[in-house]
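start38.cif follows (mmCIF, C-alpha atoms and all ligand atoms):
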data_final
loop_
_atom_site.label_atom_id
_atom_site.label_comp_id
_atom_site.auth_asym_id
_atom_site.auth_seq_id
_atom_site.Cartn_x
_atom_site.Cartn_y
_atom_site.Cartn_z
CA ASP A 1 79.40 43.51 26.18
CA SER A 2 82.70 44.49 27.76
CA THR A 3 83.13 47.65 25.65
CA LYS A 4 79.82 49.18 26.67
CA VAL A 5 80.06 52.57 28.41
CA TYR A 6 77.36 53.52 30.93
CA ARG A 7 76.91 57.23 31.48
CA ALA A 8 74.88 59.82 33.44
CA SER A 9 75.15 63.61 33.75
CA THR A 10 73.79 66.04 36.28
CA THR A 11 74.26 69.53 37.64
CA ALA A 12 74.33 70.65 41.26
CA PRO A 13 73.96 74.19 42.52
CA VAL A 14 76.01 76.17 45.01
CA ASN A 15 74.53 76.74 48.45
CA ILE A 16 75.44 79.65 50.72
CA ALA A 17 75.01 79.13 54.45
CA VAL A 18 73.17 81.72 56.54
CA VAL A 19 73.99 79.74 59.70
CA LYS A 20 77.53 78.51 59.13
CA TYR A 21 79.13 75.10 59.52
CA TRP A 22 82.52 75.64 61.16
CA GLY A 23 84.11 72.83 63.16
CA LYS A 24 84.32 69.04 62.91
CA ARG A 25 83.79 66.61 65.75
CA ASP A 26 84.97 63.78 63.45
CA THR A 27 87.34 64.72 60.63
CA LYS A 28 87.16 61.37 58.87
CA LEU A 29 83.37 61.35 58.52
CA ASN A 30 82.98 65.17 58.34
CA LEU A 31 80.70 65.21 61.38
CA PRO A 32 80.10 68.82 62.42
CA THR A 33 80.19 70.51 65.82
CA ASN A 34 76.98 72.38 64.96
CA SER A 35 73.96 72.26 62.69
CA SER A 36 73.83 74.72 59.78
CA LEU A 37 71.33 76.21 57.35
CA SER A 38 71.71 77.38 53.77
CA VAL A 39 69.96 78.81 50.75
CA THR A 40 70.58 77.00 47.48
CA LEU A 41 71.25 79.36 44.58
CA SER A 42 69.76 78.97 41.14
CA GLN A 43 71.86 77.12 38.62
CA ALA A 44 71.86 79.99 36.15
CA ASP A 45 75.29 81.20 37.21
CA LEU A 46 76.81 79.02 39.89
CA ARG A 47 76.77 75.29 39.38
CA THR A 48 78.88 72.22 38.77
CA LEU A 49 78.14 70.03 35.75
CA THR A 50 79.29 66.44 36.21
CA THR A 51 79.28 63.38 33.98
CA ALA A 52 79.91 59.98 35.52
CA SER A 53 80.63 56.96 33.39
CA CYS A 54 81.84 53.42 33.92
CA SER A 55 82.88 50.58 31.68
CA ALA A 56 84.61 47.23 31.96
CA SER A 57 86.85 48.52 29.15
CA TYR A 58 88.27 51.36 31.28
CA SER A 59 91.71 50.02 32.06
CA ASP A 60 93.23 52.90 34.02
CA GLY A 61 91.19 52.60 37.24
CA ASP A 62 88.97 55.34 38.66
CA ASN A 63 89.74 58.83 37.48
CA LEU A 64 88.46 62.37 37.80
CA THR A 65 88.92 65.55 35.80
CA LEU A 66 88.03 69.00 37.13
CA ASN A 67 87.62 71.76 34.54
CA GLY A 68 89.46 69.53 32.05
CA GLU A 69 92.48 68.83 34.26
CA ALA A 70 93.29 65.49 35.87
CA SER A 71 92.48 65.55 39.56
CA ASP A 72 93.46 63.20 42.36
CA VAL A 73 90.92 60.49 43.20
CA SER A 74 93.02 58.87 45.90
CA GLY A 75 91.91 61.38 48.56
CA ALA A 76 89.98 59.85 51.45
CA ARG A 77 86.91 62.06 50.79
CA THR A 78 86.49 61.03 47.16
CA GLN A 79 87.25 57.42 48.03
CA ALA A 80 84.56 57.44 50.74
CA CYS A 81 81.95 58.65 48.23
CA PHE A 82 82.96 56.04 45.62
CA ARG A 83 82.97 53.26 48.23
CA GLU A 84 79.54 54.11 49.69
CA LEU A 85 77.89 54.45 46.27
CA ARG A 86 79.46 51.20 45.03
CA THR A 87 78.21 49.42 48.14
CA LEU A 88 74.65 50.56 47.42
CA ARG A 89 74.93 49.50 43.78
CA ALA A 90 76.44 46.15 44.77
CA SER A 91 73.50 45.36 47.03
CA ALA A 92 71.07 46.25 44.22
CA GLU A 93 73.04 43.92 41.91
CA LEU A 94 72.86 41.18 44.53
CA ALA A 95 69.08 41.58 44.81
CA ASP A 96 68.65 41.57 41.02
CA PRO A 97 71.30 39.43 39.29
CA SER A 98 70.12 40.62 35.87
CA LEU A 99 71.62 44.07 36.55
CA PRO A 100 74.99 44.75 34.89
CA LYS A 101 77.81 44.72 37.46
CA LEU A 102 78.53 48.45 37.31
CA SER A 103 79.82 48.37 40.88
CA GLN A 104 82.86 46.41 39.67
CA MET A 105 83.78 48.75 36.81
CA PRO A 106 86.23 51.67 36.97
CA LEU A 107 84.59 55.10 37.18
CA ARG A 108 85.38 58.20 35.15
CA ILE A 109 84.11 61.50 36.48
CA ALA A 110 84.31 64.77 34.53
CA SER A 111 83.32 67.90 36.43
CA GLU A 112 83.10 71.51 35.35
CA ASN A 113 82.49 74.59 37.48
CA ASN A 114 81.33 77.81 35.88
CA PHE A 115 82.80 79.88 38.75
CA PRO A 116 86.20 80.14 40.51
CA THR A 117 87.20 76.99 42.37
CA ALA A 118 88.08 77.25 46.07
CA ALA A 119 87.66 81.01 46.31
CA GLY A 120 85.14 80.76 49.11
CA LEU A 121 82.31 80.27 46.66
CA ALA A 122 81.36 76.85 47.98
CA SER A 123 82.81 75.06 44.97
CA SER A 124 83.36 71.88 46.99
CA ALA A 125 79.68 71.87 47.96
CA ALA A 126 78.39 71.86 44.40
CA GLY A 127 81.27 69.60 43.32
CA PHE A 128 80.67 66.73 45.71
CA ALA A 129 76.87 67.06 45.46
CA ALA A 130 77.13 66.73 41.67
CA LEU A 131 79.60 63.83 41.95
CA VAL A 132 77.31 61.88 44.29
CA ARG A 133 74.15 62.65 42.31
CA ALA A 134 75.81 61.74 38.98
CA ILE A 135 77.07 58.37 40.24
CA ALA A 136 73.72 57.69 41.98
CA ASN A 137 72.00 58.33 38.64
CA LEU A 138 74.53 56.16 36.78
CA TYR A 139 73.89 53.34 39.29
CA GLU A 140 70.10 53.98 39.20
CA LEU A 141 70.03 54.14 43.00
CA ARG A 142 66.67 54.63 44.67
CA GLU A 143 68.01 56.39 47.77
CA SER A 144 66.38 59.72 48.67
CA PRO A 145 68.30 63.03 48.54
CA THR A 146 68.53 62.92 52.35
CA GLU A 147 70.10 59.44 52.22
CA LEU A 148 72.51 60.63 49.52
CA SER A 149 73.31 63.68 51.65
CA ILE A 150 75.00 61.34 54.16
CA ILE A 151 77.37 60.27 51.38
CA ALA A 152 77.93 63.79 49.96
CA ARG A 153 78.73 64.99 53.50
CA GLN A 154 81.73 62.67 53.54
CA GLY A 155 83.05 64.39 50.40
CA SER A 156 82.66 67.90 51.78
CA GLY A 157 80.46 68.81 54.73
CA SER A 158 78.59 71.63 53.03
CA ALA A 159 77.95 69.40 49.97
CA CYS A 160 75.19 67.57 51.84
CA ARG A 161 73.07 70.74 51.60
CA SER A 162 73.45 71.04 47.78
CA LEU A 163 71.35 67.90 47.18
CA PHE A 164 68.29 70.13 47.64
CA GLY A 165 67.01 73.40 46.27
CA GLY A 166 65.48 76.11 48.43
CA TYR A 167 66.10 76.30 52.18
CA VAL A 168 68.09 73.45 53.64
CA ALA A 169 69.16 72.42 57.15
CA TRP A 170 72.05 70.12 57.92
CA ARG A 171 71.17 68.44 61.22
CA MET A 172 74.44 67.74 63.02
CA GLY A 173 73.20 64.45 64.52
CA SER A 174 74.67 62.70 67.54
CA LEU A 175 75.59 59.20 66.38
CA ALA A 176 79.26 58.23 66.04
CA ASP A 177 78.75 56.60 62.62
CA GLY A 178 77.24 59.77 61.13
CA SER A 179 74.02 58.09 60.02
CA ASP A 180 71.94 60.93 61.53
CA SER A 181 74.14 63.79 60.28
CA LEU A 182 72.13 64.67 57.19
CA ALA A 183 70.42 67.37 55.16
CA VAL A 184 66.69 68.04 55.03
CA GLN A 185 64.77 70.53 52.93
CA LEU A 186 62.96 73.10 55.10
CA ALA A 187 61.16 74.81 52.21
CA GLU A 188 61.20 74.84 48.44
CA ALA A 189 62.61 77.94 46.74
CA SER A 190 59.02 78.66 45.59
CA HIS A 191 58.02 79.15 49.25
CA TRP A 192 59.79 82.53 49.14
CA PRO A 193 60.23 83.32 45.45
CA GLU A 194 61.27 86.95 46.04
CA MET A 195 64.59 85.91 47.63
CA ARG A 196 67.72 86.90 45.67
CA ALA A 197 71.45 86.57 46.19
CA LEU A 198 73.94 89.03 44.72
CA ILE A 199 77.44 87.60 44.52
CA LEU A 200 80.22 90.17 44.79
CA ILE A 201 83.49 88.76 43.55
CA VAL A 202 86.18 90.49 45.58
CA SER A 203 88.87 88.03 44.56
CA THR A 204 89.04 84.88 42.46
CA ALA A 205 92.28 83.76 44.13
CA LYS A 206 92.29 80.45 45.99
CA LYS A 207 91.58 80.84 49.68
CA GLY A 208 94.54 81.14 52.01
CA VAL A 209 93.50 78.64 54.67
CA SER A 210 91.42 75.65 53.59
CA SER A 211 88.18 75.13 55.49
CA THR A 212 89.40 71.77 56.83
CA SER A 213 92.59 73.24 58.24
CA GLY A 214 90.85 76.42 59.45
CA MET A 215 88.19 74.45 61.30
CA GLN A 216 90.78 72.25 62.93
CA GLN A 217 92.72 75.29 64.19
CA THR A 218 89.56 77.02 65.44
CA VAL A 219 88.31 73.92 67.30
CA ALA A 220 91.73 73.49 68.90
CA THR A 221 92.42 77.07 69.98
CA SER A 222 89.34 79.33 70.12
CA GLY A 223 87.50 79.92 73.38
CA LEU A 224 84.83 81.93 71.59
CA PHE A 225 84.10 78.89 69.44
CA LYS A 226 82.78 77.01 72.52
CA GLU A 227 80.23 79.75 73.09
CA ARG A 228 79.31 79.73 69.39
CA ILE A 229 78.51 76.02 69.20
CA SER A 230 76.80 75.75 72.60
CA ALA A 231 74.65 78.90 72.58
CA VAL A 232 74.95 81.11 69.50
CA VAL A 233 74.27 78.60 66.73
CA PRO A 234 71.35 76.80 68.44
CA SER A 235 69.53 80.13 68.85
CA HIS A 236 70.40 81.19 65.28
CA MET A 237 69.05 77.89 63.92
CA ASP A 238 65.72 78.37 65.70
CA ALA A 239 65.41 82.04 64.71
CA MET A 240 66.38 81.36 61.10
CA GLU A 241 63.88 78.53 60.70
CA GLU A 242 61.17 80.87 62.02
CA ALA A 243 62.27 83.71 59.73
CA ILE A 244 62.06 81.43 56.68
CA ASP A 245 58.75 79.95 57.75
CA GLN A 246 57.27 83.46 58.25
CA LYS A 247 59.11 84.95 55.24
CA ASP A 248 60.35 87.66 57.58
CA PHE A 249 63.24 89.27 55.68
CA ALA A 250 64.31 91.61 58.51
CA LYS A 251 64.70 88.64 60.84
CA PHE A 252 66.37 86.50 58.15
CA ALA A 253 68.86 89.32 57.51
CA ASP A 254 69.54 89.97 61.19
CA VAL A 255 70.37 86.32 61.89
CA ALA A 256 72.40 85.88 58.67
CA MET A 257 74.60 88.92 59.41
CA ARG A 258 75.05 88.04 63.09
CA ASP A 259 75.97 84.47 62.21
CA SER A 260 78.50 85.54 59.58
CA ASN A 261 80.02 87.95 62.12
CA SER A 262 80.10 85.24 64.80
CA PHE A 263 81.84 82.79 62.45
CA HIS A 264 84.48 85.34 61.41
CA ALA A 265 84.94 86.34 65.06
CA THR A 266 85.84 82.73 65.93
CA CYS A 267 88.32 82.83 63.05
CA ALA A 268 89.88 85.98 64.50
CA ASP A 269 89.88 84.27 67.92
CA THR A 270 91.76 81.29 66.46
CA TYR A 271 95.45 81.28 67.39
CA PRO A 272 97.22 82.22 65.19
CA PRO A 273 94.23 84.17 63.83
CA ILE A 274 92.61 83.44 60.48
CA PHE A 275 91.38 86.35 58.32
CA TYR A 276 89.10 85.53 55.42
CA MET A 277 87.64 89.00 54.90
CA ASN A 278 89.68 91.90 53.54
CA ASP A 279 89.19 95.67 53.27
CA VAL A 280 86.84 95.29 50.31
CA SER A 281 84.77 92.76 52.26
CA ARG A 282 84.50 95.22 55.13
CA ALA A 283 83.49 97.98 52.70
CA ALA A 284 80.66 95.70 51.57
CA ILE A 285 79.49 95.34 55.18
CA ARG A 286 79.45 99.13 55.55
CA ALA A 287 77.53 99.45 52.28
CA VAL A 288 74.86 97.05 53.54
CA GLU A 289 74.57 98.99 56.81
CA LEU A 290 74.24 102.25 54.88
CA VAL A 291 71.59 101.03 52.45
CA ASN A 292 69.56 99.58 55.32
CA ARG A 293 69.82 102.81 57.30
CA GLU A 294 68.88 104.98 54.33
CA ALA A 295 65.94 102.74 53.40
CA GLY A 296 64.68 102.90 56.97
CA ARG A 297 64.18 99.11 56.92
CA THR A 298 66.29 96.04 56.32
CA VAL A 299 66.68 95.54 52.58
CA ALA A 300 70.00 93.66 52.46
CA ALA A 301 72.01 91.07 54.39
CA TYR A 302 75.66 90.18 53.91
CA THR A 303 77.33 86.86 54.54
CA PHE A 304 80.92 85.67 53.96
CA ASP A 305 82.28 82.13 53.78
CA ALA A 306 85.94 81.12 54.01
CA GLY A 307 87.03 83.86 51.61
CA PRO A 308 86.62 87.60 50.94
CA ASN A 309 83.68 87.40 48.51
CA ALA A 310 80.37 88.81 49.71
CA VAL A 311 76.97 87.28 49.18
CA ILE A 312 74.21 89.85 49.58
CA TYR A 313 70.72 88.49 50.16
CA HIS A 314 67.81 90.78 49.28
CA LEU A 315 64.26 90.67 47.95
CA GLU A 316 63.43 91.15 44.26
CA LYS A 317 61.47 94.36 44.95
CA ASP A 318 64.61 96.02 46.36
CA LYS A 319 66.89 95.00 43.51
CA ASP A 320 67.47 98.51 42.10
CA LEU A 321 68.19 99.88 45.56
CA ILE A 322 70.77 97.16 46.20
CA LEU A 323 72.51 97.39 42.84
CA GLY A 324 72.60 101.19 43.15
CA ALA A 325 74.04 101.00 46.66
CA PHE A 326 76.85 98.74 45.60
CA LYS A 327 77.72 100.75 42.53
CA SER A 328 77.96 104.06 44.34
CA VAL A 329 79.42 102.94 47.64
CA VAL A 330 81.99 100.32 46.78
CA GLY A 331 82.17 100.60 43.01
CA GLY A 332 85.27 102.76 43.28
CA VAL A 333 87.15 100.66 45.82
CA ASP A 334 90.36 99.26 44.46
CA GLY A 335 90.18 95.53 43.87
CA TRP A 336 86.43 95.53 43.62
CA LYS A 337 84.90 93.51 40.84
CA ALA A 338 81.16 93.81 41.25
CA GLU A 339 80.25 91.21 38.68
CA ASP A 340 76.80 91.21 37.30
CA THR A 341 75.93 87.83 38.75
CA GLU A 342 72.52 88.66 40.08
CA ASP A 343 71.34 85.22 40.85
CA ALA A 344 67.80 84.23 41.59
CA ALA A 345 67.63 81.70 44.38
CA THR A 346 64.83 79.86 42.71
CA ALA A 347 66.12 76.71 41.11
CA GLU A 348 66.20 73.26 42.56
CA ALA A 349 68.99 70.74 42.56
CA SER A 350 68.45 68.79 39.39
CA LYS A 351 67.71 65.13 39.71
O1 LIG B 1 82.23 72.06 53.27
P1 LIG B 1 83.49 72.79 53.54
O2 LIG B 1 84.50 71.94 54.21
O3 LIG B 1 84.02 73.49 52.31
O4 LIG B 1 83.16 73.95 54.62
C1 LIG B 1 82.36 75.07 54.33
C2 LIG B 1 82.39 76.05 55.44
C3 LIG B 1 81.67 77.38 55.18
O5 LIG B 1 81.46 77.57 53.80
C4 LIG B 1 82.55 78.52 55.69
C5 LIG B 1 80.35 77.45 55.92
C6 LIG B 1 79.21 76.64 55.36
O6 LIG B 1 78.35 76.24 56.17
O7 LIG B 1 79.12 76.43 54.15
#

Go ahead and express the file in the form of structure tokens.
Ligand code: PMV
Amino acid sequence: DSTKVYRASTTAPVNIAVVKYWGKRDTKLNLPTNSSLSVTLSQADLRTLTTASCSASYSDGDNLTLNGEASDVSGARTQACFRELRTLRASAELADPSLPKLSQMPLRIASENNFPTAAGLASSAAGFAALVRAIANLYELRESPTELSIIARQGSGSACRSLFGGYVAWRMGSLADGSDSLAVQLAEASHWPEMRALILIVSTAKKGVSSTSGMQQTVATSGLFKERISAVVPSHMDAMEEAIDQKDFAKFADVAMRDSNSFHATCADTYPPIFYMNDVSRAAIRAVELVNREAGRTVAAYTFDAGPNAVIYHLEKDKDLILGAFKSVVGGVDGWKAEDTEDAATAEASK
């Protein structure tokens, strides 16, 4: 039946790194210069919803809409994901000739974010994870999330970590073809159910320097970056894995804040320098320091991606303390939009 439409939908959550990916050793395959580690947020507030369909009757080739607007599918990243998924489907069709030849049909992808795109809120991570998962579901692929992470990585590096819920490591790998540069789940969200992430929207504007371009400039010009990838990140990876394993919040927070600072320091050391944080971001850092000092223990950790928005990790029991601290300390700062997006880091990437 040449008019039949095959369809599958899925959602993928945002992940926020606590040991950051910054730097590519291979720009085509998105192979990183260091391993990274993230916490996947719940899908209550931050997620991408994607529907993939295909049909022999689609006459206009592959196409993609993002939040209802036509988006370019000709980019190398999207093409790489389509090509890899089609190859897997084609080999399944070869093994079982009774399967419909979905691999030969044009694809239509419709994606919707419920948060600002490209404002340093890891929209590309959820976006490519959802795209890969939706097409894998459409094609009824049997590959594991880790195997799919190798494909999602080629869409956007950080996307490989959004194939899992909970605590996720992206192992940088060493092979030139990228087959060992993949994501693994370190622990389910239920391992540490008290973990929360408060998202503070400082700005919903698109980021000034894209992560791809920023990374390229940092790799090319920063001396500090060499120290970061050779010594700083390896020790942060070890310490962070221990902190998660032991559910040691003070240690988790210490490493997360140091790693965010180290990443933004390499951005400042890039020539010309790149600034993702602004005055409001820095006020958030001071607010975290103050609430930790006043509590007499570590109750909050900040981290910033390639944009000014703050993600504050804390434990459920300290929720009132954290919300109070941010209302009184930075609530009055101009440009501050402390949205009520308290987000439990408890959900898993949907299958
Ligand atoms: O996946 P990309 O190319 O959007 O890069 C993401 C880089 C950071 O968000 C700054 C860090 C990370 O590990 O997610």

Using all atoms listed in the file, find each residue of chain A with at least one atom at most 7 Å away from an atom of ligand LIG 1 (chain B); report its shortest atom-to-atom pair and that distance in Å (one decimal), sort the rows by chain and rising residue number, and return the result as JSON lines.
{"residue": "A:Ile16", "atom": "CA", "partner": "B:LIG1", "partner_atom": "O7", "distance": 6.0}
{"residue": "A:Ala17", "atom": "CA", "partner": "B:LIG1", "partner_atom": "O6", "distance": 4.7}
{"residue": "A:Val19", "atom": "CA", "partner": "B:LIG1", "partner_atom": "O6", "distance": 6.6}
{"residue": "A:Lys20", "atom": "CA", "partner": "B:LIG1", "partner_atom": "O6", "distance": 3.8}
{"residue": "A:Tyr21", "atom": "CA", "partner": "B:LIG1", "partner_atom": "O6", "distance": 3.6}
{"residue": "A:Trp22", "atom": "CA", "partner": "B:LIG1", "partner_atom": "C2", "distance": 5.7}
{"residue": "A:Ser36", "atom": "CA", "partner": "B:LIG1", "partner_atom": "O6", "distance": 6.0}
{"residue": "A:Gly120", "atom": "CA", "partner": "B:LIG1", "partner_atom": "O5", "distance": 6.8}
{"residue": "A:Ala122", "atom": "CA", "partner": "B:LIG1", "partner_atom": "O5", "distance": 5.9}
{"residue": "A:Ser124", "atom": "CA", "partner": "B:LIG1", "partner_atom": "O3", "distance": 5.6}
{"residue": "A:Ala125", "atom": "CA", "partner": "B:LIG1", "partner_atom": "O1", "distance": 5.9}
{"residue": "A:Ser156", "atom": "CA", "partner": "B:LIG1", "partner_atom": "O1", "distance": 4.4}
{"residue": "A:Gly157", "atom": "CA", "partner": "B:LIG1", "partner_atom": "O1", "distance": 4.0}
{"residue": "A:Ser158", "atom": "CA", "partner": "B:LIG1", "partner_atom": "O1", "distance": 3.7}
{"residue": "A:Ala159", "atom": "CA", "partner": "B:LIG1", "partner_atom": "O1", "distance": 6.0}
{"residue": "A:Ser211", "atom": "CA", "partner": "B:LIG1", "partner_atom": "O2", "distance": 5.0}
{"residue": "A:Thr212", "atom": "CA", "partner": "B:LIG1", "partner_atom": "O2", "distance": 5.6}
{"residue": "A:Asp305", "atom": "CA", "partner": "B:LIG1", "partner_atom": "C4", "distance": 4.1}
{"residue": "A:Ala306", "atom": "CA", "partner": "B:LIG1", "partner_atom": "C4", "distance": 4.6}

Atom pair CA of Ser260 (chain A) / CA of Thr303 (chain A): separation (Å): 5.3 Å

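Each of A:Val255, A:Cys267, A:Ile151, A:Leu31 was checked against Thr298 (chain A) using all atoms listed in the file; the smallest atom-to-atom distance is that of A:Val255.
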
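Atom pair CA of Lys4 (chain A) / CA of Ser55 (chain A): separated by 6.0 Å.
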
Pick from A:Ala56, A:Gly23, A:Arg171, A:Ser222 nearest to Met237 (chain A), counting only C-alpha atoms: A:Arg171

Who sits within 10 Å of region 185-188 of chain A, only C-alpha atoms, same chain under 4 positions skipped, as a list in words: Leu37, Ser38, Val39, Thr40, Pro145, Thr146, Arg161, Leu163, Phe164, Gly165, Gly166, Tyr167, Val168, Ala169, Trp170, Trp192, Pro193, Glu241, Ile244, Asp245, Thr346, Ala347 and Glu348 of chain A

Write the residues you've just listed into a file as a JSON list (two decimals), in the frame of the given file, and include C-alpha atoms for each of them.
[["chain", "number", "residue", "atom", "x", "y", "z"],
["A", 37, "LEU", "CA", 71.33, 76.21, 57.35],
["A", 38, "SER", "CA", 71.71, 77.38, 53.77],
["A", 39, "VAL", "CA", 69.96, 78.81, 50.75],
["A", 40, "THR", "CA", 70.58, 77.00, 47.48],
["A", 145, "PRO", "CA", 68.30, 63.03, 48.54],
["A", 146, "THR", "CA", 68.53, 62.92, 52.35],
["A", 161, "ARG", "CA", 73.07, 70.74, 51.60],
["A", 163, "LEU", "CA", 71.35, 67.90, 47.18],
["A", 164, "PHE", "CA", 68.29, 70.13, 47.64],
["A", 165, "GLY", "CA", 67.01, 73.40, 46.27],
["A", 166, "GLY", "CA", 65.48, 76.11, 48.43],
["A", 167, "TYR", "CA", 66.10, 76.30, 52.18],
["A", 168, "VAL", "CA", 68.09, 73.45, 53.64],
["A", 169, "ALA", "CA", 69.16, 72.42, 57.15],
["A", 170, "TRP", "CA", 72.05, 70.12, 57.92],
["A", 192, "TRP", "CA", 59.79, 82.53, 49.14],
["A", 193, "PRO", "CA", 60.23, 83.32, 45.45],
["A", 241, "GLU", "CA", 63.88, 78.53, 60.70],
["A", 244, "ILE", "CA", 62.06, 81.43, 56.68],
["A", 245, "ASP", "CA", 58.75, 79.95, 57.75],
["A", 346, "THR", "CA", 64.83, 79.86, 42.71],
["A", 347, "ALA", "CA", 66.12, 76.71, 41.11],
["A", 348, "GLU", "CA", 66.20, 73.26, 42.56]]

Selection near Pro272 (chain A), 10 Å with only C-alpha atoms, sequence-local residues under 3 positions removed, as a PyMOL selection string: chain A and resi 217-218+221-222+267-269+275

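Atom pair CA of Ala12 (chain A) / CA of Leu131 (chain A): separated by 8.6 Å.
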
Residue among A:Asn261, A:Asn309, A:Ser179, A:Asn114 lying closest to Ser203 (chain A), counting all atoms listed in the file: A:Asn309

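With only C-alpha atoms as the atoms that count, the residue of A:Ala284, A:Met195, A:Ala52, A:Ile274 with the shortest distance to Arg108 (chain A) is A:Ala52.
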
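Of the residues under consideration (A:Ile109, A:Val299, A:Ala136, A:Ala126), A:Ile109 shows the shortest atom-to-atom contact distance to Asn63 (chain A) when counting all atoms listed in the file.
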
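The nearest approach to Ala301 (chain A) among the residues A:Arg196, A:His236, A:Lys327, A:Lys247, with all atoms listed in the file taken into account, belongs to A:Arg196.
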
Could the centre and edge lengths of an axis-aligned box, enclosing all atoms of region 186-199 of chain A in the file with 3 Å extra on each side, be given in Å to one decimal as JSON?
{"center_x": 67.7, "center_y": 81.1, "center_z": 49.8, "size_x": 25.4, "size_y": 21.9, "size_z": 16.6}

Generate N, CA and C atoms for region 60-73 of chain A and emit them as a short mmCIF file (atom, residue, chain, number, x, y, z; two decimals), keeping the file's coordinate frame.
data_model
loop_
_atom_site.label_atom_id
_atom_site.label_comp_id
_atom_site.auth_asym_id
_atom_site.auth_seq_id
_atom_site.Cartn_x
_atom_site.Cartn_y
_atom_site.Cartn_z
N ASP A 60 92.32 52.09 33.19
CA ASP A 60 93.23 52.90 34.02
C ASP A 60 92.69 53.19 35.42
N GLY A 61 91.73 52.39 35.89
CA GLY A 61 91.19 52.60 37.24
C GLY A 61 90.28 53.82 37.29
N ASP A 62 89.85 54.18 38.49
CA ASP A 62 88.97 55.34 38.66
C ASP A 62 89.74 56.60 38.32
N ASN A 63 89.10 57.53 37.63
CA ASN A 63 89.74 58.83 37.48
C ASN A 63 88.75 59.97 37.40
N LEU A 64 89.29 61.17 37.63
CA LEU A 64 88.46 62.37 37.80
C LEU A 64 89.14 63.55 37.12
N THR A 65 88.39 64.30 36.31
CA THR A 65 88.92 65.55 35.80
C THR A 65 88.05 66.70 36.30
N LEU A 66 88.71 67.81 36.65
CA LEU A 66 88.03 69.00 37.13
C LEU A 66 88.40 70.16 36.19
N ASN A 67 87.39 70.73 35.55
CA ASN A 67 87.62 71.76 34.54
C ASN A 67 88.67 71.32 33.52
N GLY A 68 88.59 70.05 33.10
CA GLY A 68 89.46 69.53 32.05
C GLY A 68 90.82 69.04 32.51
N GLU A 69 91.15 69.26 33.78
CA GLU A 69 92.48 68.83 34.26
C GLU A 69 92.35 67.62 35.17
N ALA A 70 93.30 66.70 35.03
CA ALA A 70 93.29 65.49 35.87
C ALA A 70 93.35 65.89 37.34
N SER A 71 92.53 65.23 38.14
CA SER A 71 92.48 65.55 39.56
C SER A 71 92.68 64.25 40.34
N ASP A 72 93.12 64.38 41.57
CA ASP A 72 93.46 63.20 42.36
C ASP A 72 92.19 62.52 42.89
N VAL A 73 92.06 61.21 42.63
CA VAL A 73 90.92 60.49 43.20
C VAL A 73 91.29 59.70 44.44
#
